[in-house]
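Here's the structure we're looking at; comments come further down.
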There are 2 protein chains.
Amino acid sequence: MKYDYLIVGAGFFGSVLSERIANDLGSKVLVIDKRPHIGGNCYSKLDEETGIEVHRYGTHIFHTSSRKVWNYITRFTAFNGYHHQVLTTYRNKVYQMPINLETINSFYNANLKPHEAQEFLKKEIEKNHVRAPQNLEEKAIASVGRSLYEAFIKGYTIKQWDKDPRELPTNIITRLPVRYNYRKDYFVDSRWQGIPLEGYAMVFKNMLKSTNIHIELNCDYFEHRNEFNVTKKVIYTGPIDRYFDYVYGKLEWRTAKFQKEIVELEDYQGTSVMNYADFAVKYTRIHEPKHLHPERKFTKQKTIIFYETSGSDSNDPYYPVNTESNYNLFKKYKALAQQEKGVIIGGRLGDYAYYDMDKTILAALKCYERQLVDSTS
Amino acid sequence: MKYDYLIVGAGFFGSVLSERIANDLGSKVLVIDKRPHIGGNCYSKLDEETGIEVHRYGTHIFHTSSRKVWNYITRFTAFNGYHHQVLTTYRNKVYQMPINLETINSFYNANLKPHEAQEFLKKEIEKNHVRAPQNLEEKAIASVGRSLYEAFIKGYTIKQWDKDPRELPTNIITRLPVRYNYRKDYFVDSRWQGIPLEGYAMVFKNMLKSTNIHIELNCDYFEHRNEFNVTKKVIYTGPIDRYFDYVYGKLEWRTAKFQKEIVELEDYQGTSVMNYADFAVKYTRIHEPKHLHPERKFTKQKTIIFYETSGSDSNDPYYPVNTESNYNLFKKYKALAQQEKGVIIGGRLGDYAYYDMDKTILAALKCYERQLVDSTS
């Protein structure tokens with residue numbers, strides 16, 4: 001079969017481009033994915049035993065302040081009104097994340113008002129004054145002081161990165177946000193937020209339903225690289241280093257592993273995501289997807305939880321590791337990609353970037369406008 | 001001047017009907033309000049000194065799960081993404097309201113999981129087992145146990161109603177909600193929620209902008225009752241007992257008073273509404289309207305707070321008092337209203353009901369469809 005475009009990977013980057021090319025350009029698209037489903041890491045599915053919508057690759061909350069993205073995505077799904085909040089357990093007590101006035105007052109057993117908490121934390125930070133932070137630990141202490149760092153950042157960071165925070169570069173985190181107010185909404189700056197009412201799988205199904213689109217699942221690009229008959233362009237959304245056969249070496253990725261458990265309770269932890277800050281607790285978080293759909297009624301006294309642990313596995317890439325050496329390596333691959341004729345490399349894995357879903361969609365829409373509409377007109 | 005319809009009161013009930021009659025029926029409407037502004041108790045206005053949008057009659061958060069209401073109201077305004085949360089201060093410590101898992105764990109200094117908290121509170125309730133609650137206190141204790149009642153309900157209720165909770169009837173409150181989870185969103189069941197991006201005044205201005213609508217402010221219906229030249233109907237949205245000259249006596253109303261203070265701080269309390277549960281604290285709540293517009297940027301190191309106290313004043317009606325005698329009295333007025341020719345009495349004051357904004361809009365839309373479209377066709 002001959003196609004105008006081959007899209008490698010059916011996550012958001014690949015699916016948005018497929019949709020635009022099929023419906024706006026009216027061209028023929030072949031979408032392949034090595035997994036047995038569309039949707040990439042955003043994929044969700046109803047669990048048969050419990051009737052709970054499960055986010056198999058970790059909790060995905062859609063949030064955006066881009067009207068362009070919102071107008072686009074709502075053509076394929078409506079959203080429920082879920083607003084995300086994150087809690088963390090430290091030494092057998094539950095706190096709010098990111099650190100806000102409630103976290104501070106609860107941790108220090110105080111009742112500080114916003115301006116008092118600001119003064120207080122300033123003094124805490126001055127106790128261990130760090131003029132020019134040389135590593136993640138120093139940077140975190142310069143943001144929140146030693147006590148809050150040791151409670152909420154240190155153990156979690158070691159589990160997340162498997163390294164001593166003093167050995168991690170400062171640029172691996174941006175400045176730690178501290179809210180001197182009681183705002184609990186995790187995505188406080190996002191104008192629109194929610195979970196697709198019918199789950200993520202349906203969003204992708206709706207995006208890819210054009211008769212111009214043919215989907216091949218369980219199809220590894222590298223096993224069939226020379227078999228595709230593509231007249232226009234290949235859009236590759238996998239890891240950029242893999243595309244070039246790791247010619248300069250491998251980019252580092254952190255991965256997340258999820259261990260599923262069905263619990264015979266209506267509600268296990270009372271919230272969708274509970275972080276565990278203590279180093280002694282092996283997992284970083286427990287996800288309980290039931291809480292993502294407060295609009296759904298569940299009759300069974302059952303819930304599903306996922307223990308998340310962090311690991312290092314380039315074959316299952318989740319988070320890029322923003323060290324200088326990885327960044328320099330990525331730049332070399334990027335230069336190769338720019339010389340490659342007839343191929344666009346993009347998306348989270350192709351750009352070696354920690355994009356949220358809305359950023360991925362926006363990147364795909366812009367890629368379409370700049371590199372596909374223009375080049376064909 | 002001759003008008004088809006006279007609308008008494010420019011709150012939501014009156015404004016929705018004005019808009020529908022003017023734009024859908026194409027009839028001429030005179031809207032009067034005794035206040036110097038439209039919008040009723042929902043009215044908000046930019047404070048000149050601080051640039052903060054002030055809700056003069058208490059914090060109004062728009063929330064609804066009615067698609068009909070949402071489709072209607074968004075014709076006149078867009079909303080920001082504000083989601084309401086309520087906190088309460090008791091003995092110098094801040095807790096979440098309504099009582100949820102965080103409130104329970106914080107109050108009892110515990111770390112109970114949802115099902116453990118349920119077991120725990122069941123035992124607390126059984127300590128003071130009340131088979132058939134005879135008053136508000138007994139009903140509250142049967143819902144949450146004596147300790148939580150005494151901390152979070154008792155003092156607040158006395159301040160709110162100016163009566164001993166043992167003298168208040170059970171039906172003045174519905175069953176106290178207890179959330180055995182960490183949900184903090186106050187209106188957890190509302191699919192859509194937010195504050196009008198340009199404030200409430202603009203919403204009403206947009207609703208009433210038809211050339212078929214003439215607005216008279218500072219106009220008391222009862223002073224000019226016989227001067228209006230109305231060919232079709234009068235829609236009266238004021239207190240129903242006042243309409244009938246209190247012929248059967250007065251309905252009781254609770255009122256709210258707000259004392260404004262400008263504070264030279266960027267942020268006074270870190271949240272829009274802070275309840276004060278202690279009886280010893282004279283006010284019931286402090287409102288800080290700046291927090292209702294997280295999308296707006298404020299450059300001044302100033303904020304506005306309002307101390308709210310509760311009182312009894314039928315001339316400034318806020319909340320109906322749901323006792324049996326008031327209900328029976330209302331029914332008598334309602335019977336009179338049904339005999340009254342050419343007059344529709346409705347809205348929060350006309351129905352002696354604690355309607356939220358969305359319920360008021362829905363009631364107005366239904367009133368329009370049933371009593372105005374049909375009657376003129």
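Note on naming: chains are A, B, ... as they come in the structure tokens, residues start from 1 per chain, ligands start from 1 in the order shown.
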Give the helix (DSSP H, G or I) residues of stretch 14-225 of chain A, as assigned by DSSP on the backbone, as a PyMOL selection string.
chain A and resi 14-25+40-42+67-73+101-107+114-127+136-144+146-161+165-167+170-172+200-207+221-223
Exercise answer, chain B residues close to chain A, 6 Å and only C-alpha atoms, as a ChimeraX atom specification:
/B:81,93,111,113-114,181-182,191,269-271
If we count only C-alpha atoms and set the cut-off at 9 Å, which residues sit around B:Leu121, ignoring sequence neighbours fewer than 4 positions away in its own chain? Please answer as a ChimeraX atom specification.
/B:104,116-117,125-126,143-145
Write the selection just made, keeping C-alpha atoms, as a PDB file, in the first residue's frame?
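Writing done, so here's again.pdb:
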```
ATOM      1  CA  ILE B 104     -10.523  14.570  60.758  1.00  0.00           C
ATOM      2  CA  GLU B 116     -10.565   3.743  59.099  1.00  0.00           C
ATOM      3  CA  ALA B 117     -11.948   7.254  59.468  1.00  0.00           C
ATOM      4  CA  ILE B 125     -21.167   9.077  67.012  1.00  0.00           C
ATOM      5  CA  GLU B 126     -22.136   6.012  69.043  1.00  0.00           C
ATOM      6  CA  SER B 143     -23.769  13.170  61.990  1.00  0.00           C
ATOM      7  CA  VAL B 144     -20.222  13.879  63.176  1.00  0.00           C
ATOM      8  CA  GLY B 145     -19.989  13.120  66.912  1.00  0.00           C
TER       9      GLY B 145
END
```
For B:Leu17, find every residue with an atom within 9 Å (counting only C-alpha atoms), except residues of its own chain fewer than 4 positions away, and show them as a PyMOL selection string.
chain B and resi 7+12-13+21-22+235+361+364-365+367-368
Put those residues in a file: N, CA and C atoms, as a short mmCIF file (atom, residue, chain, number, x, y, z; two decimals), in the first residue's frame.
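Generated output (result.cif):
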```
data_model
loop_
_atom_site.label_atom_id
_atom_site.label_comp_id
_atom_site.auth_asym_id
_atom_site.auth_seq_id
_atom_site.Cartn_x
_atom_site.Cartn_y
_atom_site.Cartn_z
N ILE B 7 -40.47 44.45 35.31
CA ILE B 7 -39.71 43.51 36.13
C ILE B 7 -39.23 44.26 37.37
N PHE B 12 -30.65 37.96 39.34
CA PHE B 12 -30.64 36.98 38.25
C PHE B 12 -32.05 36.62 37.77
N PHE B 13 -32.99 36.42 38.70
CA PHE B 13 -34.33 36.02 38.26
C PHE B 13 -34.93 37.08 37.34
N ILE B 21 -37.51 37.95 27.54
CA ILE B 21 -38.68 38.67 27.02
C ILE B 21 -38.26 39.67 25.93
N ALA B 22 -37.15 40.37 26.18
CA ALA B 22 -36.70 41.38 25.22
C ALA B 22 -36.17 40.74 23.94
N ILE B 235 -43.52 41.17 36.82
CA ILE B 235 -42.75 40.08 37.43
C ILE B 235 -42.04 40.65 38.63
N ILE B 361 -31.27 31.01 37.93
CA ILE B 361 -31.32 31.14 36.47
C ILE B 361 -32.22 30.07 35.87
N ALA B 364 -35.77 30.85 36.44
CA ALA B 364 -36.23 31.92 35.56
C ALA B 364 -36.46 31.40 34.14
N LEU B 365 -35.54 30.55 33.66
CA LEU B 365 -35.70 30.00 32.30
C LEU B 365 -36.97 29.15 32.21
N CYS B 367 -39.61 29.39 34.19
CA CYS B 367 -40.74 30.32 34.34
C CYS B 367 -41.05 30.93 32.98
N TYR B 368 -39.99 31.32 32.28
CA TYR B 368 -40.19 31.92 30.95
C TYR B 368 -40.89 30.94 30.00
#
```
Considering only C-alpha atoms, return as a ChimeraX atom specification whatever protein or nucleic-acid residues lie within 10 Å of A:Val29, sequence-local ones (same chain, fewer than 3 positions apart) excluded.
/A:2-7,17-19,21-22,26,32,208,210-215,230,233-234
Given the choices A:Gly155, A:Gly14, A:Gly58, A:Gly9, which gets closest to A:His37 if the distance is worked out from only C-alpha atoms?
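Comparing A:Gly155, A:Gly14, A:Gly58, A:Gly9 against A:His37, the winner is A:Gly9.
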Between A:Asp313, A:Tyr90, A:Arg75, A:Leu329, which one has atoms that come closest to A:Glu150, using only C-alpha atoms?
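Closest candidate: A:Tyr90.
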What does the distance from atom CA of A:Phe107 to atom CA of B:Thr103 come to in Å, to one decimal?
15.2 Å
Neighbour list for B:Ile305 as a list of chain:residue names, cut-off 7 Å, only C-alpha atoms, skip fewer than 4 positions in-chain:
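Counting only C-alpha atoms, the residues come to B:Lys260, B:Glu261, B:Ile262, B:Ile286, B:His287, B:Glu288.
Going from atom CA of B:Asn322 over to atom CA of B:Asn171, you cover 6.9 Å.
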Per-residue DSSP, stretch 81-258 of chain A, filtered to strand (DSSP E), as an MDAnalysis selection string:
chainID A and resid 86:90 93:97 192:194 213:216 229:236 253:258
Take the residues just selected and output them with N, CA and C atoms as a JSON list (two decimals), in the first residue's frame.
```json
[["chain", "number", "residue", "atom", "x", "y", "z"],
["A", 86, "VAL", "N", -2.29, 17.31, 44.83],
["A", 86, "VAL", "CA", -1.29, 16.30, 45.18],
["A", 86, "VAL", "C", -1.02, 16.37, 46.67],
["A", 87, "LEU", "N", -1.04, 15.19, 47.30],
["A", 87, "LEU", "CA", -0.73, 15.11, 48.72],
["A", 87, "LEU", "C", 0.54, 14.30, 48.88],
["A", 88, "THR", "N", 1.20, 14.49, 50.00],
["A", 88, "THR", "CA", 2.39, 13.68, 50.25],
["A", 88, "THR", "C", 2.35, 13.20, 51.70],
["A", 89, "THR", "N", 2.76, 11.96, 51.89],
["A", 89, "THR", "CA", 2.84, 11.42, 53.24],
["A", 89, "THR", "C", 4.30, 11.47, 53.69],
["A", 90, "TYR", "N", 4.53, 12.08, 54.84],
["A", 90, "TYR", "CA", 5.87, 12.10, 55.42],
["A", 90, "TYR", "C", 5.76, 11.75, 56.90],
["A", 93, "LYS", "N", 2.19, 11.33, 58.27],
["A", 93, "LYS", "CA", 1.28, 12.47, 58.29],
["A", 93, "LYS", "C", 1.13, 12.98, 56.86],
["A", 94, "VAL", "N", -0.06, 13.46, 56.53],
["A", 94, "VAL", "CA", -0.35, 13.88, 55.16],
["A", 94, "VAL", "C", -0.23, 15.40, 55.02],
["A", 95, "TYR", "N", 0.47, 15.83, 53.97],
["A", 95, "TYR", "CA", 0.68, 17.26, 53.70],
["A", 95, "TYR", "C", 0.29, 17.56, 52.26],
["A", 96, "GLN", "N", 0.14, 18.85, 51.98],
["A", 96, "GLN", "CA", -0.18, 19.27, 50.61],
["A", 96, "GLN", "C", 1.07, 19.61, 49.82],
["A", 97, "MET", "N", 1.01, 19.32, 48.53],
["A", 97, "MET", "CA", 2.10, 19.62, 47.61],
["A", 97, "MET", "C", 1.57, 20.42, 46.44],
["A", 192, "TRP", "N", -8.16, 25.69, 31.84],
["A", 192, "TRP", "CA", -9.04, 24.55, 31.62],
["A", 192, "TRP", "C", -8.37, 23.27, 32.13],
["A", 193, "GLN", "N", -9.17, 22.40, 32.71],
["A", 193, "GLN", "CA", -8.62, 21.22, 33.34],
["A", 193, "GLN", "C", -9.66, 20.13, 33.44],
["A", 194, "GLY", "N", -9.21, 18.87, 33.39],
["A", 194, "GLY", "CA", -10.16, 17.78, 33.57],
["A", 194, "GLY", "C", -9.66, 16.48, 32.97],
["A", 213, "ILE", "N", -7.08, 7.53, 7.30],
["A", 213, "ILE", "CA", -6.07, 7.05, 8.25],
["A", 213, "ILE", "C", -6.14, 5.53, 8.37],
["A", 214, "HIS", "N", -5.02, 4.90, 8.19],
["A", 214, "HIS", "CA", -4.93, 3.47, 8.46],
["A", 214, "HIS", "C", -3.98, 3.25, 9.64],
["A", 215, "ILE", "N", -4.41, 2.43, 10.59],
["A", 215, "ILE", "CA", -3.62, 2.21, 11.81],
["A", 215, "ILE", "C", -3.07, 0.79, 11.83],
["A", 216, "GLU", "N", -1.79, 0.68, 12.09],
["A", 216, "GLU", "CA", -1.18, -0.64, 12.30],
["A", 216, "GLU", "C", -0.61, -0.70, 13.70],
["A", 229, "ASN", "N", 5.93, 2.26, 1.92],
["A", 229, "ASN", "CA", 5.89, 2.98, 0.65],
["A", 229, "ASN", "C", 5.27, 4.36, 0.90],
["A", 230, "VAL", "N", 6.14, 5.34, 1.19],
["A", 230, "VAL", "CA", 5.67, 6.67, 1.59],
["A", 230, "VAL", "C", 6.08, 7.69, 0.53],
["A", 231, "THR", "N", 5.09, 8.42, 0.01],
["A", 231, "THR", "CA", 5.40, 9.36, -1.07],
["A", 231, "THR", "C", 5.84, 10.72, -0.56],
["A", 232, "LYS", "N", 5.39, 11.12, 0.62],
["A", 232, "LYS", "CA", 5.74, 12.46, 1.09],
["A", 232, "LYS", "C", 6.69, 12.47, 2.27],
["A", 233, "LYS", "N", 6.16, 12.24, 3.49],
["A", 233, "LYS", "CA", 7.02, 12.39, 4.66],
["A", 233, "LYS", "C", 6.80, 11.31, 5.70],
["A", 234, "VAL", "N", 7.86, 11.06, 6.44],
["A", 234, "VAL", "CA", 7.77, 10.23, 7.63],
["A", 234, "VAL", "C", 7.79, 11.15, 8.84],
["A", 235, "ILE", "N", 6.85, 10.94, 9.76],
["A", 235, "ILE", "CA", 6.87, 11.70, 11.01],
["A", 235, "ILE", "C", 7.16, 10.71, 12.12],
["A", 236, "TYR", "N", 8.33, 10.86, 12.72],
["A", 236, "TYR", "CA", 8.80, 9.90, 13.70],
["A", 236, "TYR", "C", 8.72, 10.51, 15.10],
["A", 253, "TRP", "N", 17.23, 8.15, 30.17],
["A", 253, "TRP", "CA", 15.81, 8.33, 30.48],
["A", 253, "TRP", "C", 15.52, 7.74, 31.85],
["A", 254, "ARG", "N", 14.62, 8.40, 32.59],
["A", 254, "ARG", "CA", 14.06, 7.77, 33.77],
["A", 254, "ARG", "C", 12.74, 7.12, 33.37],
["A", 255, "THR", "N", 12.44, 6.02, 34.01],
["A", 255, "THR", "CA", 11.19, 5.35, 33.70],
["A", 255, "THR", "C", 10.37, 5.20, 34.97],
["A", 256, "ALA", "N", 9.10, 4.89, 34.81],
["A", 256, "ALA", "CA", 8.22, 4.66, 35.95],
["A", 256, "ALA", "C", 7.63, 3.27, 35.82],
["A", 257, "LYS", "N", 7.60, 2.56, 36.94],
["A", 257, "LYS", "CA", 7.00, 1.23, 36.92],
["A", 257, "LYS", "C", 5.78, 1.25, 37.83],
["A", 258, "PHE", "N", 4.74, 0.54, 37.41],
["A", 258, "PHE", "CA", 3.49, 0.55, 38.16],
["A", 258, "PHE", "C", 3.09, -0.86, 38.54]]
```
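Interatomic distance, atom CA of A:Val16 against atom CA of A:Ala337: 20.7 Å.
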